[in-house]
>>> print(open('structure05.txt').read())   # compact mmCIF, C-alpha atoms
# COMPACT_ATOMS: atom_id res chain seq x y z
CA MET A 1496 -22.13 61.58 -95.53
CA GLU A 1497 -20.52 59.02 -97.80
CA GLU A 1498 -21.99 55.58 -97.23
CA ILE A 1499 -19.64 53.23 -95.38
CA ARG A 1500 -18.79 49.97 -97.07
CA ILE A 1501 -19.31 47.08 -94.69
CA ILE A 1502 -17.54 43.84 -95.55
CA GLU A 1503 -18.49 40.59 -93.85
CA VAL A 1504 -15.40 38.42 -93.46
CA LYS A 1505 -15.27 34.78 -92.46
CA GLN A 1506 -12.61 32.72 -90.76
CA SER A 1507 -11.11 30.26 -93.20
CA VAL A 1508 -11.70 26.60 -92.39
CA PHE A 1509 -8.49 25.23 -93.85
CA GLU A 1510 -6.15 27.68 -92.34
CA ASP A 1511 -2.45 27.85 -91.95
CA ASN A 1512 -2.43 31.28 -90.45
CA ASN A 1513 1.33 31.81 -90.39
CA LYS A 1514 1.58 30.86 -94.07
CA ASP A 1515 -1.34 33.16 -94.96
CA ALA A 1516 0.23 35.98 -92.92
CA ASN A 1517 3.62 35.66 -94.60
CA GLU A 1518 2.03 35.60 -98.08
CA LEU A 1519 0.00 38.71 -97.30
CA ARG A 1520 3.09 40.48 -95.92
CA GLU A 1521 5.06 39.67 -99.08
CA LYS A 1522 2.23 40.91 -101.32
CA LEU A 1523 2.04 44.19 -99.38
CA LYS A 1524 5.83 44.53 -99.44
CA ALA A 1525 5.77 44.21 -103.25
CA GLU A 1526 3.05 46.90 -103.40
CA LYS A 1527 5.05 49.15 -101.05
CA THR A 1528 2.08 49.24 -98.68
CA CYS A 1529 2.81 49.17 -94.97
CA LEU A 1530 0.16 47.52 -92.76
CA ILE A 1531 -0.04 48.50 -89.10
CA ASN A 1532 -2.17 46.28 -86.83
CA LEU A 1533 -3.58 48.48 -84.06
CA MET A 1534 -4.87 46.64 -80.99
CA SER A 1535 -6.19 47.56 -77.52
CA SER A 1536 -8.95 47.02 -74.99
CA PRO A 1537 -12.37 48.37 -75.91
CA GLY A 1538 -12.44 52.12 -75.35
CA SER A 1539 -8.69 52.77 -75.16
CA GLY A 1540 -9.00 55.35 -77.93
CA LYS A 1541 -7.89 53.59 -81.11
CA THR A 1542 -10.22 55.57 -83.37
CA THR A 1543 -9.64 58.88 -81.56
CA THR A 1544 -5.89 58.34 -81.95
CA LEU A 1545 -6.29 57.68 -85.68
CA LYS A 1546 -8.42 60.82 -86.02
CA ALA A 1547 -5.70 62.84 -84.27
CA LEU A 1548 -3.10 61.29 -86.61
CA ALA A 1549 -5.23 62.21 -89.64
CA LYS A 1550 -4.52 65.91 -89.08
CA GLU A 1551 -0.82 65.35 -88.42
CA LEU A 1552 -0.28 63.03 -91.42
CA SER A 1553 -2.35 65.11 -93.84
CA GLY A 1554 -0.41 65.78 -97.07
CA LYS A 1555 2.55 63.66 -95.91
CA ILE A 1556 1.29 60.19 -96.78
CA ASN A 1557 -1.54 58.34 -98.55
CA TRP A 1558 -3.25 56.15 -96.03
CA ALA A 1559 -6.45 54.29 -95.35
CA VAL A 1560 -8.08 52.60 -92.39
CA MET A 1561 -9.77 49.21 -92.15
CA GLU A 1562 -12.02 49.08 -89.08
CA ALA A 1563 -12.89 45.69 -87.60
CA ASP A 1564 -15.85 45.27 -85.28
CA ILE A 1565 -18.44 42.66 -84.44
CA ASP A 1566 -21.21 45.13 -85.15
CA SER A 1567 -21.82 48.82 -86.00
CA ALA A 1568 -19.93 51.12 -88.39
CA VAL A 1569 -19.34 54.00 -85.99
CA ASP A 1570 -15.55 53.84 -86.27
CA ALA A 1571 -15.39 53.81 -90.07
CA GLU A 1572 -17.87 56.69 -90.15
CA ALA A 1573 -15.65 58.66 -87.76
CA MET A 1574 -12.58 58.08 -89.95
CA VAL A 1575 -14.35 59.08 -93.17
CA GLU A 1576 -15.48 62.25 -91.41
CA ALA A 1577 -11.81 62.84 -90.56
CA GLY A 1578 -11.02 62.61 -94.29
CA VAL A 1579 -9.37 59.17 -94.32
CA PRO A 1580 -10.60 56.49 -96.78
CA SER A 1581 -12.05 53.74 -94.59
CA ILE A 1582 -13.92 50.49 -94.76
CA GLN A 1583 -15.68 48.60 -92.00
CA ILE A 1584 -15.18 44.88 -91.55
CA HIS A 1585 -17.66 42.81 -89.57
CA THR A 1586 -16.15 39.68 -88.10
CA GLY A 1587 -19.34 37.65 -87.70
CA GLY A 1588 -18.96 37.60 -83.91
CA MET A 1589 -15.26 36.67 -84.04
CA CYS A 1590 -13.05 38.15 -81.36
CA HIS A 1591 -10.04 38.76 -83.60
CA LEU A 1592 -8.86 38.91 -87.22
CA ASP A 1593 -6.62 36.28 -88.72
CA ALA A 1594 -4.48 36.79 -91.84
CA ASP A 1595 -7.09 35.48 -94.27
CA MET A 1596 -9.83 37.70 -92.81
CA THR A 1597 -7.41 40.63 -93.10
CA ARG A 1598 -6.74 39.68 -96.74
CA GLN A 1599 -10.48 39.50 -97.46
CA GLY A 1600 -10.96 42.98 -96.04
CA LEU A 1601 -7.90 44.48 -97.79
CA SER A 1602 -9.09 43.09 -101.13
CA GLN A 1603 -11.87 45.71 -100.93
CA LEU A 1604 -9.32 48.54 -100.69
CA ASP A 1605 -6.96 49.33 -103.56
CA THR A 1606 -4.02 48.71 -101.28
CA GLU A 1607 -1.42 49.53 -103.96
CA LYS A 1608 -2.71 53.13 -103.92
CA PHE A 1609 -1.76 53.55 -100.27
CA ASP A 1610 1.60 53.90 -98.49
CA LEU A 1611 -0.06 52.78 -95.28
CA VAL A 1612 -3.15 50.90 -94.18
CA VAL A 1613 -4.01 50.80 -90.48
CA LEU A 1614 -6.06 47.82 -89.39
CA GLU A 1615 -8.02 48.74 -86.28
CA ASN A 1616 -8.52 45.31 -84.74
CA VAL A 1617 -11.43 44.21 -82.51
CA GLY A 1618 -11.11 45.74 -79.02
CA ASN A 1619 -9.65 42.82 -77.09
CA LEU A 1620 -6.30 42.26 -75.36
CA VAL A 1621 -6.31 38.47 -75.65
CA CYS A 1622 -7.28 36.90 -78.96
CA PRO A 1623 -5.95 39.45 -81.49
CA ALA A 1624 -2.46 38.94 -80.04
CA GLU A 1625 -2.60 35.25 -80.97
CA PHE A 1626 -3.02 35.74 -84.71
CA ASP A 1627 -0.43 37.17 -87.09
CA THR A 1628 -2.53 39.32 -89.43
CA GLY A 1629 0.25 39.82 -91.97
CA ALA A 1630 0.96 43.29 -90.59
CA SER A 1631 4.33 44.97 -90.92
CA LYS A 1632 4.14 46.24 -87.33
CA ASN A 1633 1.93 45.62 -84.29
CA VAL A 1634 0.92 48.49 -82.06
CA THR A 1635 -1.09 48.43 -78.83
CA ILE A 1636 -2.73 51.29 -77.00
CA LEU A 1637 -3.09 51.30 -73.22
CA SER A 1638 -5.15 54.15 -71.79
CA VAL A 1639 -4.36 55.57 -68.37
CA PRO A 1640 -7.79 54.74 -66.82
CA GLU A 1641 -7.19 51.02 -67.51
CA GLY A 1642 -4.34 50.90 -65.02
CA ASP A 1643 -0.64 50.17 -65.19
CA ASP A 1644 -0.92 46.44 -64.45
CA LYS A 1645 -2.14 45.37 -67.90
CA PRO A 1646 1.22 43.95 -69.11
CA LEU A 1647 1.13 41.63 -66.08
CA LYS A 1648 -2.28 40.26 -67.04
CA TYR A 1649 -2.09 40.16 -70.84
CA PRO A 1650 1.48 39.03 -71.56
CA LEU A 1651 1.15 38.02 -75.22
CA MET A 1652 -0.22 41.42 -76.32
CA TYR A 1653 2.92 43.10 -75.01
CA GLU A 1654 5.24 40.39 -76.33
CA THR A 1655 3.93 40.78 -79.88
CA CYS A 1656 3.81 44.57 -80.10
CA ASP A 1657 6.55 46.80 -81.48
CA LEU A 1658 5.07 49.97 -80.01
CA LEU A 1659 3.06 50.71 -76.87
CA VAL A 1660 1.07 53.94 -77.08
CA ILE A 1661 -0.04 55.22 -73.68
CA ASN A 1662 -3.17 57.29 -74.29
CA LYS A 1663 -5.28 59.67 -72.16
CA VAL A 1664 -2.25 61.08 -70.35
CA ASP A 1665 -4.30 64.28 -69.92
CA VAL A 1666 -6.27 62.56 -67.13
CA MET A 1667 -3.20 61.11 -65.40
CA ASP A 1668 -3.91 63.16 -62.25
CA TYR A 1669 -7.30 61.49 -61.73
CA PHE A 1670 -6.05 57.91 -61.82
CA ASP A 1671 -3.56 55.84 -59.92
CA PHE A 1672 -1.24 55.12 -62.86
CA SER A 1673 2.54 54.91 -62.74
CA LEU A 1674 4.48 55.46 -65.98
CA GLU A 1675 7.49 53.96 -64.29
CA LYS A 1676 5.63 50.75 -63.37
CA VAL A 1677 3.97 50.28 -66.76
CA THR A 1678 7.34 50.77 -68.47
CA GLU A 1679 8.92 48.18 -66.18
CA TYR A 1680 6.09 45.66 -66.77
CA ALA A 1681 5.98 46.21 -70.54
CA LYS A 1682 9.77 45.85 -70.89
CA MET A 1683 9.57 42.69 -68.77
CA ARG A 1684 7.31 41.23 -71.49
CA ASN A 1685 9.27 42.73 -74.37
CA PRO A 1686 12.60 44.48 -73.80
CA GLU A 1687 12.51 45.93 -77.36
CA ILE A 1688 9.08 47.59 -77.06
CA GLU A 1689 9.00 51.32 -77.83
CA ILE A 1690 6.72 53.57 -75.75
CA ILE A 1691 5.08 56.85 -76.78
CA CYS A 1692 2.77 58.85 -74.47
CA ILE A 1693 -0.10 60.75 -76.04
CA SER A 1694 -3.42 62.37 -75.43
CA ALA A 1695 -5.50 61.86 -78.55
CA LYS A 1696 -7.91 64.40 -77.07
CA THR A 1697 -5.49 67.28 -76.47
CA GLY A 1698 -3.00 66.36 -79.21
CA GLU A 1699 -0.08 65.89 -76.80
CA GLY A 1700 2.45 63.40 -78.23
CA ILE A 1701 0.68 63.10 -81.58
CA PRO A 1702 3.61 64.66 -83.53
CA GLU A 1703 5.95 62.06 -82.00
CA LEU A 1704 3.54 59.24 -82.90
CA ALA A 1705 3.18 60.60 -86.45
CA LYS A 1706 6.99 60.65 -86.73
CA TRP A 1707 7.11 56.99 -85.65
CA VAL A 1708 4.46 56.11 -88.27
CA LEU A 1709 6.27 57.98 -91.07
CA GLU A 1710 9.59 56.30 -90.20
CA THR A 1711 7.92 52.89 -90.06
CA VAL A 1712 6.44 53.43 -93.54
CA LYS A 1713 9.79 54.68 -94.87
CA ASN A 1714 11.67 51.67 -93.45
CA TRP A 1715 9.07 49.31 -94.93
CA ASN A 1716 9.69 50.72 -98.40
CA ASN A 1717 13.49 50.47 -98.20
CA MET B 1470 0.35 38.09 -46.61
CA GLU B 1471 -1.45 34.82 -47.07
CA GLU B 1472 -0.17 32.97 -50.10
CA ILE B 1473 -2.60 33.00 -53.02
CA ARG B 1474 -3.68 29.64 -54.38
CA ILE B 1475 -3.26 29.57 -58.14
CA ILE B 1476 -5.24 26.94 -60.01
CA GLU B 1477 -4.45 26.08 -63.62
CA VAL B 1478 -7.65 25.17 -65.43
CA LYS B 1479 -7.96 23.59 -68.87
CA GLN B 1480 -10.68 23.73 -71.47
CA SER B 1481 -12.37 20.36 -71.73
CA VAL B 1482 -11.99 18.61 -75.08
CA PHE B 1483 -15.31 16.79 -75.12
CA GLU B 1484 -17.45 19.65 -74.12
CA ASP B 1485 -21.14 20.26 -74.14
CA ASN B 1486 -20.92 23.62 -72.45
CA ASN B 1487 -24.64 24.23 -71.97
CA LYS B 1488 -25.04 20.83 -70.32
CA ASP B 1489 -22.01 21.45 -68.07
CA ALA B 1490 -23.36 24.90 -67.20
CA ASN B 1491 -26.81 23.61 -66.24
CA GLU B 1492 -25.30 20.84 -64.12
CA LEU B 1493 -23.09 23.31 -62.29
CA ARG B 1494 -26.02 25.69 -61.73
CA GLU B 1495 -28.11 22.87 -60.25
CA LYS B 1496 -25.28 21.80 -57.96
CA LEU B 1497 -24.85 25.38 -56.71
CA LYS B 1498 -28.60 25.76 -56.30
CA ALA B 1499 -28.66 22.66 -54.09
CA GLU B 1500 -25.79 24.12 -52.04
CA LYS B 1501 -27.60 27.48 -51.77
CA THR B 1502 -24.56 29.16 -53.32
CA CYS B 1503 -25.20 31.98 -55.75
CA LEU B 1504 -22.59 32.45 -58.50
CA ILE B 1505 -22.23 35.87 -60.14
CA ASN B 1506 -20.17 36.04 -63.33
CA LEU B 1507 -18.56 39.49 -63.50
CA MET B 1508 -17.32 40.57 -66.91
CA SER B 1509 -15.86 43.72 -68.49
CA SER B 1510 -13.08 45.15 -70.62
CA PRO B 1511 -9.61 45.10 -69.10
CA GLY B 1512 -9.31 47.94 -66.61
CA SER B 1513 -13.00 48.74 -66.12
CA GLY B 1514 -12.60 48.28 -62.38
CA LYS B 1515 -13.89 44.77 -61.63
CA THR B 1516 -11.51 44.20 -58.72
CA THR B 1517 -11.84 47.73 -57.37
CA THR B 1518 -15.63 47.32 -57.40
CA LEU B 1519 -15.37 44.03 -55.51
CA LYS B 1520 -13.05 45.67 -52.97
CA ALA B 1521 -15.60 48.46 -52.46
CA LEU B 1522 -18.36 45.83 -52.06
CA ALA B 1523 -16.26 43.98 -49.47
CA LYS B 1524 -16.74 46.83 -46.99
CA GLU B 1525 -20.43 47.19 -47.73
CA LEU B 1526 -21.18 43.43 -47.54
CA SER B 1527 -19.07 42.83 -44.44
CA GLY B 1528 -21.07 40.90 -41.83
CA LYS B 1529 -24.09 40.58 -44.10
CA ILE B 1530 -23.07 37.63 -46.22
CA ASN B 1531 -20.43 34.91 -46.56
CA TRP B 1532 -18.78 35.33 -49.91
CA ALA B 1533 -15.67 34.44 -51.85
CA VAL B 1534 -14.05 35.52 -55.10
CA MET B 1535 -12.57 33.44 -57.88
CA GLU B 1536 -10.26 35.55 -60.03
CA ALA B 1537 -9.55 34.44 -63.60
CA ASP B 1538 -6.57 35.76 -65.51
CA ILE B 1539 -4.12 34.58 -68.10
CA ASP B 1540 -1.22 35.48 -65.84
CA SER B 1541 -0.44 37.17 -62.49
CA ALA B 1542 -2.23 36.92 -59.14
CA VAL B 1543 -2.58 40.65 -58.48
CA ASP B 1544 -6.39 40.57 -58.31
CA ALA B 1545 -6.66 37.66 -55.88
CA GLU B 1546 -3.99 39.30 -53.73
CA ALA B 1547 -6.03 42.52 -53.68
CA MET B 1548 -9.19 40.66 -52.63
CA VAL B 1549 -7.45 38.74 -49.83
CA GLU B 1550 -6.09 42.07 -48.58
CA ALA B 1551 -9.70 43.28 -48.58
CA GLY B 1552 -10.59 40.36 -46.33
CA VAL B 1553 -12.44 38.21 -48.87
CA PRO B 1554 -11.42 34.55 -49.36
CA SER B 1555 -10.10 34.36 -52.93
CA ILE B 1556 -8.42 32.02 -55.33
CA GLN B 1557 -6.71 32.80 -58.61
CA ILE B 1558 -7.42 30.78 -61.72
CA HIS B 1559 -5.01 30.81 -64.64
CA THR B 1560 -6.66 30.01 -67.95
CA GLY B 1561 -3.60 28.81 -69.84
CA GLY B 1562 -3.88 31.69 -72.31
CA MET B 1563 -7.62 31.20 -72.85
CA CYS B 1564 -9.68 34.33 -73.40
CA HIS B 1565 -12.69 33.18 -71.39
CA LEU B 1566 -13.95 30.61 -68.90
CA ASP B 1567 -16.40 27.89 -69.87
CA ALA B 1568 -18.57 25.98 -67.41
CA ASP B 1569 -16.13 23.13 -66.91
CA MET B 1570 -13.23 25.51 -66.25
CA THR B 1571 -15.46 27.31 -63.75
CA ARG B 1572 -16.28 23.97 -62.11
CA GLN B 1573 -12.57 23.08 -61.89
CA GLY B 1574 -11.88 26.40 -60.16
CA LEU B 1575 -14.86 26.20 -57.81
CA SER B 1576 -13.85 22.69 -56.73
CA GLN B 1577 -10.93 24.37 -54.94
CA LEU B 1578 -13.29 26.52 -52.88
CA ASP B 1579 -15.66 24.99 -50.34
CA THR B 1580 -18.57 26.49 -52.22
CA GLU B 1581 -21.20 25.13 -49.80
CA LYS B 1582 -19.70 27.37 -47.11
CA PHE B 1583 -20.52 30.51 -49.11
CA ASP B 1584 -23.80 32.28 -49.91
CA LEU B 1585 -22.13 33.90 -52.88
CA VAL B 1586 -19.13 33.35 -55.11
CA VAL B 1587 -18.17 36.05 -57.59
CA LEU B 1588 -16.28 34.85 -60.63
CA GLU B 1589 -14.19 37.70 -61.99
CA ASN B 1590 -13.86 36.63 -65.61
CA VAL B 1591 -10.96 37.45 -67.97
CA GLY B 1592 -11.10 41.12 -69.05
CA ASN B 1593 -12.67 40.79 -72.49
CA LEU B 1594 -16.01 41.96 -73.95
CA VAL B 1595 -16.22 39.29 -76.63
CA CYS B 1596 -15.44 35.69 -75.72
CA PRO B 1597 -16.69 35.48 -72.10
CA ALA B 1598 -20.17 36.47 -73.33
CA GLU B 1599 -20.25 33.37 -75.57
CA PHE B 1600 -19.90 30.82 -72.76
CA ASP B 1601 -22.46 30.08 -70.07
CA THR B 1602 -20.30 29.56 -66.96
CA GLY B 1603 -23.14 28.12 -64.89
CA ALA B 1604 -23.59 31.43 -63.11
CA SER B 1605 -26.88 32.48 -61.51
CA LYS B 1606 -26.50 36.00 -62.88
CA ASN B 1607 -24.25 37.78 -65.37
CA VAL B 1608 -23.01 41.28 -64.66
CA THR B 1609 -20.92 43.58 -66.85
CA ILE B 1610 -19.07 46.73 -65.89
CA LEU B 1611 -18.61 49.60 -68.34
CA SER B 1612 -16.35 52.39 -67.15
CA VAL B 1613 -16.96 55.97 -68.26
CA PRO B 1614 -13.55 56.42 -69.97
CA GLU B 1615 -14.37 53.53 -72.37
CA GLY B 1616 -17.17 55.53 -73.99
CA ASP B 1617 -20.92 55.15 -74.33
CA ASP B 1618 -20.83 53.28 -77.66
CA LYS B 1619 -19.77 49.88 -76.29
CA PRO B 1620 -23.26 48.25 -76.49
CA LEU B 1621 -23.22 49.06 -80.21
CA LYS B 1622 -19.92 47.24 -80.75
CA TYR B 1623 -20.23 44.30 -78.35
CA PRO B 1624 -23.87 43.22 -78.64
CA LEU B 1625 -23.69 39.77 -77.05
CA MET B 1626 -22.16 41.03 -73.81
CA TYR B 1627 -25.16 43.29 -73.26
CA GLU B 1628 -27.66 40.68 -74.41
CA THR B 1629 -26.42 38.15 -71.86
CA CYS B 1630 -26.08 40.42 -68.83
CA ASP B 1631 -28.72 40.97 -66.15
CA LEU B 1632 -27.01 44.05 -64.74
CA LEU B 1633 -24.88 46.79 -66.25
CA VAL B 1634 -22.71 48.60 -63.72
CA ILE B 1635 -21.43 51.94 -64.96
CA ASN B 1636 -18.21 52.64 -63.09
CA LYS B 1637 -15.91 55.66 -62.70
CA VAL B 1638 -18.80 58.13 -62.73
CA ASP B 1639 -16.57 60.40 -60.61
CA VAL B 1640 -14.62 61.30 -63.78
CA MET B 1641 -17.72 61.87 -65.94
CA ASP B 1642 -16.81 65.55 -66.43
CA TYR B 1643 -13.52 64.68 -68.10
CA PHE B 1644 -14.97 62.36 -70.75
CA ASP B 1645 -17.53 62.63 -73.50
CA PHE B 1646 -19.95 60.06 -72.08
CA SER B 1647 -23.74 60.25 -72.19
CA LEU B 1648 -25.72 58.23 -69.64
CA GLU B 1649 -28.79 58.73 -71.80
CA LYS B 1650 -27.08 57.26 -74.88
CA VAL B 1651 -25.56 54.28 -73.09
CA THR B 1652 -28.93 53.47 -71.52
CA GLU B 1653 -30.59 53.64 -74.93
CA TYR B 1654 -27.94 51.42 -76.55
CA ALA B 1655 -27.90 48.88 -73.70
CA LYS B 1656 -31.71 48.61 -73.64
CA MET B 1657 -31.64 48.17 -77.42
CA ARG B 1658 -29.56 45.03 -76.85
CA ASN B 1659 -31.49 43.90 -73.79
CA PRO B 1660 -34.70 45.67 -72.71
CA GLU B 1661 -34.60 43.90 -69.31
CA ILE B 1662 -31.09 44.98 -68.34
CA GLU B 1663 -30.80 46.81 -65.01
CA ILE B 1664 -28.34 49.70 -64.69
CA ILE B 1665 -26.53 50.93 -61.57
CA CYS B 1666 -24.05 53.84 -61.62
CA ILE B 1667 -21.10 53.71 -59.24
CA SER B 1668 -17.68 55.02 -58.48
CA ALA B 1669 -15.72 52.19 -56.91
CA LYS B 1670 -13.13 54.83 -56.00
CA THR B 1671 -15.36 57.29 -54.11
CA GLY B 1672 -17.97 54.74 -52.99
CA GLU B 1673 -20.85 56.45 -54.81
CA GLY B 1674 -23.55 53.91 -55.71
CA ILE B 1675 -21.90 51.04 -53.82
CA PRO B 1676 -24.78 50.71 -51.30
CA GLU B 1677 -27.22 50.36 -54.21
CA LEU B 1678 -25.01 47.72 -55.84
CA ALA B 1679 -24.67 45.86 -52.52
CA LYS B 1680 -28.47 45.90 -52.20
CA TRP B 1681 -28.79 44.37 -55.69
CA VAL B 1682 -26.26 41.67 -54.73
CA LEU B 1683 -28.04 40.83 -51.45
CA GLU B 1684 -31.43 40.61 -53.20
CA THR B 1685 -29.95 38.43 -55.93
CA VAL B 1686 -28.53 36.04 -53.32
CA LYS B 1687 -31.83 36.03 -51.40
CA ASN B 1688 -33.86 35.28 -54.57
CA TRP B 1689 -31.46 32.49 -55.48
CA ASN B 1690 -32.08 30.79 -52.14
CA ASN B 1691 -35.87 31.01 -52.37
>>> encode(input="structure05.txt", output="structure tokens")
Amino acid sequence: MEEIRIIEVKQSVFEDNNKDANELREKLKAEKTCLINLMSSPGSGKTTTLKALAKELSGKINWAVMEADIDSAVDAEAMVEAGVPSIQIHTGGMCHLDADMTRQGLSQLDTEKFDLVVLENVGNLVCPAEFDTGASKNVTILSVPEGDDKPLKYPLMYETCDLLVINKVDVMDYFDFSLEKVTEYAKMRNPEIEIICISAKTGEGIPELAKWVLETVKNWNN
Amino acid sequence: MEEIRIIEVKQSVFEDNNKDANELREKLKAEKTCLINLMSSPGSGKTTTLKALAKELSGKINWAVMEADIDSAVDAEAMVEAGVPSIQIHTGGMCHLDADMTRQGLSQLDTEKFDLVVLENVGNLVCPAEFDTGASKNVTILSVPEGDDKPLKYPLMYETCDLLVINKVDVMDYFDFSLEKVTEYAKMRNPEIEIICISAKTGEGIPELAKWVLETVKNWNN
């Protein structure tokens, strides 16, 4: 297997994160590269969802993935196996990525070659929501086993996200999870949030998610 | 229903967290109160596990729960319904509790009345592991749907925990989760870590977990 590039990024000391984020967004806009910041709890299925998207997006778009983790390269390895150019960022123990760390990572990808880069953030519902990474859109995944009360407990994550992907709907029958409740709670945090239900495992809902991604990229380039 | 007390705690500015943690541990030792710091991803089943323990520990021990969340009081409400004295801490957006925040919360419980207080930390595998809360023991829950690779990605959580509880084993057949792998990865991070498998939903493994809790409390008082 191709060796995974691992990039160690460091939090900048003299940071003005909002300024950094806006500069990065403008640079990516000029390159016609859309950046999607994908966030969730650990184990919600971020990488499995991206692998499912890889099949659906194949031939329709040039895209790459930047995986962020504290340790290991298992996610970047999985994406390369799925045929998507990927790099692994290690955050040096940090619980989130800020805009400058995102920039450091992206500098190791030829971003201008890609229509889309997905940043798979550190699995964490708290800290990643506090830092604008410079992304064009923020997406969060909530998996059915986690429960429908998460928007009550992690308000900022839902306030900052444009799209809520509800994953693992194939196991809905085994868990006490109400789509109606989670929709109510998520819209309470963010009335504009879009919601798409998927099972990254069975493929259910993946065409709809791929359509959302393609439209987001198209809108970014207009 | 009894009204839940919600306590807003603030991170101390002039902090020496290790010193604060040791002072709190000594105070609790003198009071013969054991403090267990319970950590996990969002939705791993911390509260459901504590509710299952409530039945098993009933009449055997005096215990209370201190729930920490950024927002909502749903967990403390659930514990009071289960008959366990509980308070809800709000962290003001913070992703973890430090020792002084723990002390502020505990000061609202008559800790000397209890053999055990369980602190249910903010759902997060990164930041809570970085701060000694003053607890006697650290416990983490990993639920089967999250996957067996979590010790690879979140090393510090596994290094700092005395016990790993593997929850939701009742849905093992629906997920690609290897007990052998997770044991290998967890022991790689911490060779001393103990592992107990449970289903908080069906009650499987709860007697074993209750036994661990009772022994931990007993050892703390000796």
>>> residues_around(input="structure05.txt", residues="Tyr1649 in chain A", least_positions_apart="4", cutoff="7 Å", atoms="all atoms listed in the file", output="list in words")
Leu1620, Val1621 and Lys1645 of chain A; Ile1539 and Asp1540 of chain B
>>> residues_around(input="structure05.txt", residues="range 1634-1636 of chain B", least_positions_apart="5", cutoff="6 Å", atoms="all atoms listed in the file", output="tab-separated table (two decimals) with C-alpha atoms, in the frame of the given file")
chain	number	residue	atom	x	y	z
B	1610	ILE	CA	-19.07	46.73	-65.89
B	1611	LEU	CA	-18.61	49.60	-68.34
B	1612	SER	CA	-16.35	52.39	-67.15
B	1664	ILE	CA	-28.34	49.70	-64.69
B	1665	ILE	CA	-26.53	50.93	-61.57
B	1666	CYS	CA	-24.05	53.84	-61.62
B	1667	ILE	CA	-21.10	53.71	-59.24
B	1668	SER	CA	-17.68	55.02	-58.48
>>> atom_distance(input="structure05.txt", atom1="CA of Ala1545 in chain B", atom2="CA of Ala1523 in chain B")
13.2 Å
>>> interface_residues(input="structure05.txt", of="chain B", to="chain A", cutoff="10 Å", atoms="only C-alpha atoms", output="VMD selection string")
chain B and resid 1509 to 1514 1537 to 1544 1562 to 1565 1591 to 1596 1599 1611 to 1625 1637 1639 to 1640 1643 to 1644 1670
>>> atom_distance(input="structure05.txt", atom1="CA of Val1575 in chain A", atom2="CA of Ala1695 in chain A")
17.3 Å
>>> residues_around(input="structure05.txt", residues="Glu1492 in chain B", least_positions_apart="4", cutoff="12 Å", atoms="all atoms listed in the file", output="list in words")
Asp1485, Asn1486, Asn1487, Lys1488, Lys1496, Leu1497, Lys1498, Ala1499, Ala1568, Asp1569, Thr1571, Arg1572, Asp1601, Thr1602, Gly1603 and Ala1604 of chain B
>>> closest_residue(input="structure05.txt", among="B:Asn1659, B:Ser1605, B:Thr1516, B:Thr1502", to="Leu1578 in chain B", atoms="only C-alpha atoms")
B:Thr1502
>>> residues_around(input="structure05.txt", residues="range 1686-1690 of chain B", least_positions_apart="5", cutoff="12 Å", atoms="all atoms listed in the file", output="list of chain:residue names")
B:Arg1494, B:Glu1495, B:Leu1497, B:Lys1498, B:Ala1499, B:Glu1500, B:Lys1501, B:Thr1502, B:Cys1503, B:Leu1504, B:Ile1505, B:Leu1526, B:Lys1529, B:Ile1530, B:Asn1531, B:Trp1532, B:Phe1583, B:Asp1584, B:Leu1585, B:Val1586, B:Val1587, B:Ala1604, B:Ser1605, B:Lys1606, B:Ala1679, B:Lys1680, B:Trp1681
>>> build_atoms(input="structure05.txt", residues="range 1613-1621 of chain A", atoms="N, CA and C atoms", output="PDB file, in the frame of the given file")
ATOM      1  N   VAL A1613      -3.936  51.171 -91.896  1.00  0.00           N
ATOM      2  CA  VAL A1613      -4.010  50.800 -90.480  1.00  0.00           C
ATOM      3  C   VAL A1613      -5.230  49.896 -90.308  1.00  0.00           C
ATOM      4  N   LEU A1614      -4.980  48.728 -89.764  1.00  0.00           N
ATOM      5  CA  LEU A1614      -6.060  47.820 -89.390  1.00  0.00           C
ATOM      6  C   LEU A1614      -6.379  48.083 -87.926  1.00  0.00           C
ATOM      7  N   GLU A1615      -7.590  48.582 -87.673  1.00  0.00           N
ATOM      8  CA  GLU A1615      -8.020  48.740 -86.280  1.00  0.00           C
ATOM      9  C   GLU A1615      -8.721  47.457 -85.884  1.00  0.00           C
ATOM     10  N   ASN A1616      -8.030  46.653 -85.108  1.00  0.00           N
ATOM     11  CA  ASN A1616      -8.520  45.310 -84.740  1.00  0.00           C
ATOM     12  C   ASN A1616      -9.692  45.401 -83.755  1.00  0.00           C
ATOM     13  N   VAL A1617     -10.356  44.284 -83.504  1.00  0.00           N
ATOM     14  CA  VAL A1617     -11.430  44.210 -82.510  1.00  0.00           C
ATOM     15  C   VAL A1617     -10.849  44.568 -81.131  1.00  0.00           C
ATOM     16  N   GLY A1618     -11.580  45.343 -80.354  1.00  0.00           N
ATOM     17  CA  GLY A1618     -11.110  45.740 -79.020  1.00  0.00           C
ATOM     18  C   GLY A1618     -11.040  44.536 -78.102  1.00  0.00           C
ATOM     19  N   ASN A1619      -9.823  44.086 -77.814  1.00  0.00           N
ATOM     20  CA  ASN A1619      -9.650  42.820 -77.090  1.00  0.00           C
ATOM     21  C   ASN A1619      -8.151  42.648 -76.873  1.00  0.00           C
ATOM     22  N   LEU A1620      -7.738  42.403 -75.640  1.00  0.00           N
ATOM     23  CA  LEU A1620      -6.300  42.260 -75.360  1.00  0.00           C
ATOM     24  C   LEU A1620      -5.806  40.821 -75.449  1.00  0.00           C
ATOM     25  N   VAL A1621      -6.726  39.876 -75.694  1.00  0.00           N
ATOM     26  CA  VAL A1621      -6.310  38.470 -75.650  1.00  0.00           C
ATOM     27  C   VAL A1621      -6.163  37.905 -77.071  1.00  0.00           C
TER      28      VAL A1621
END
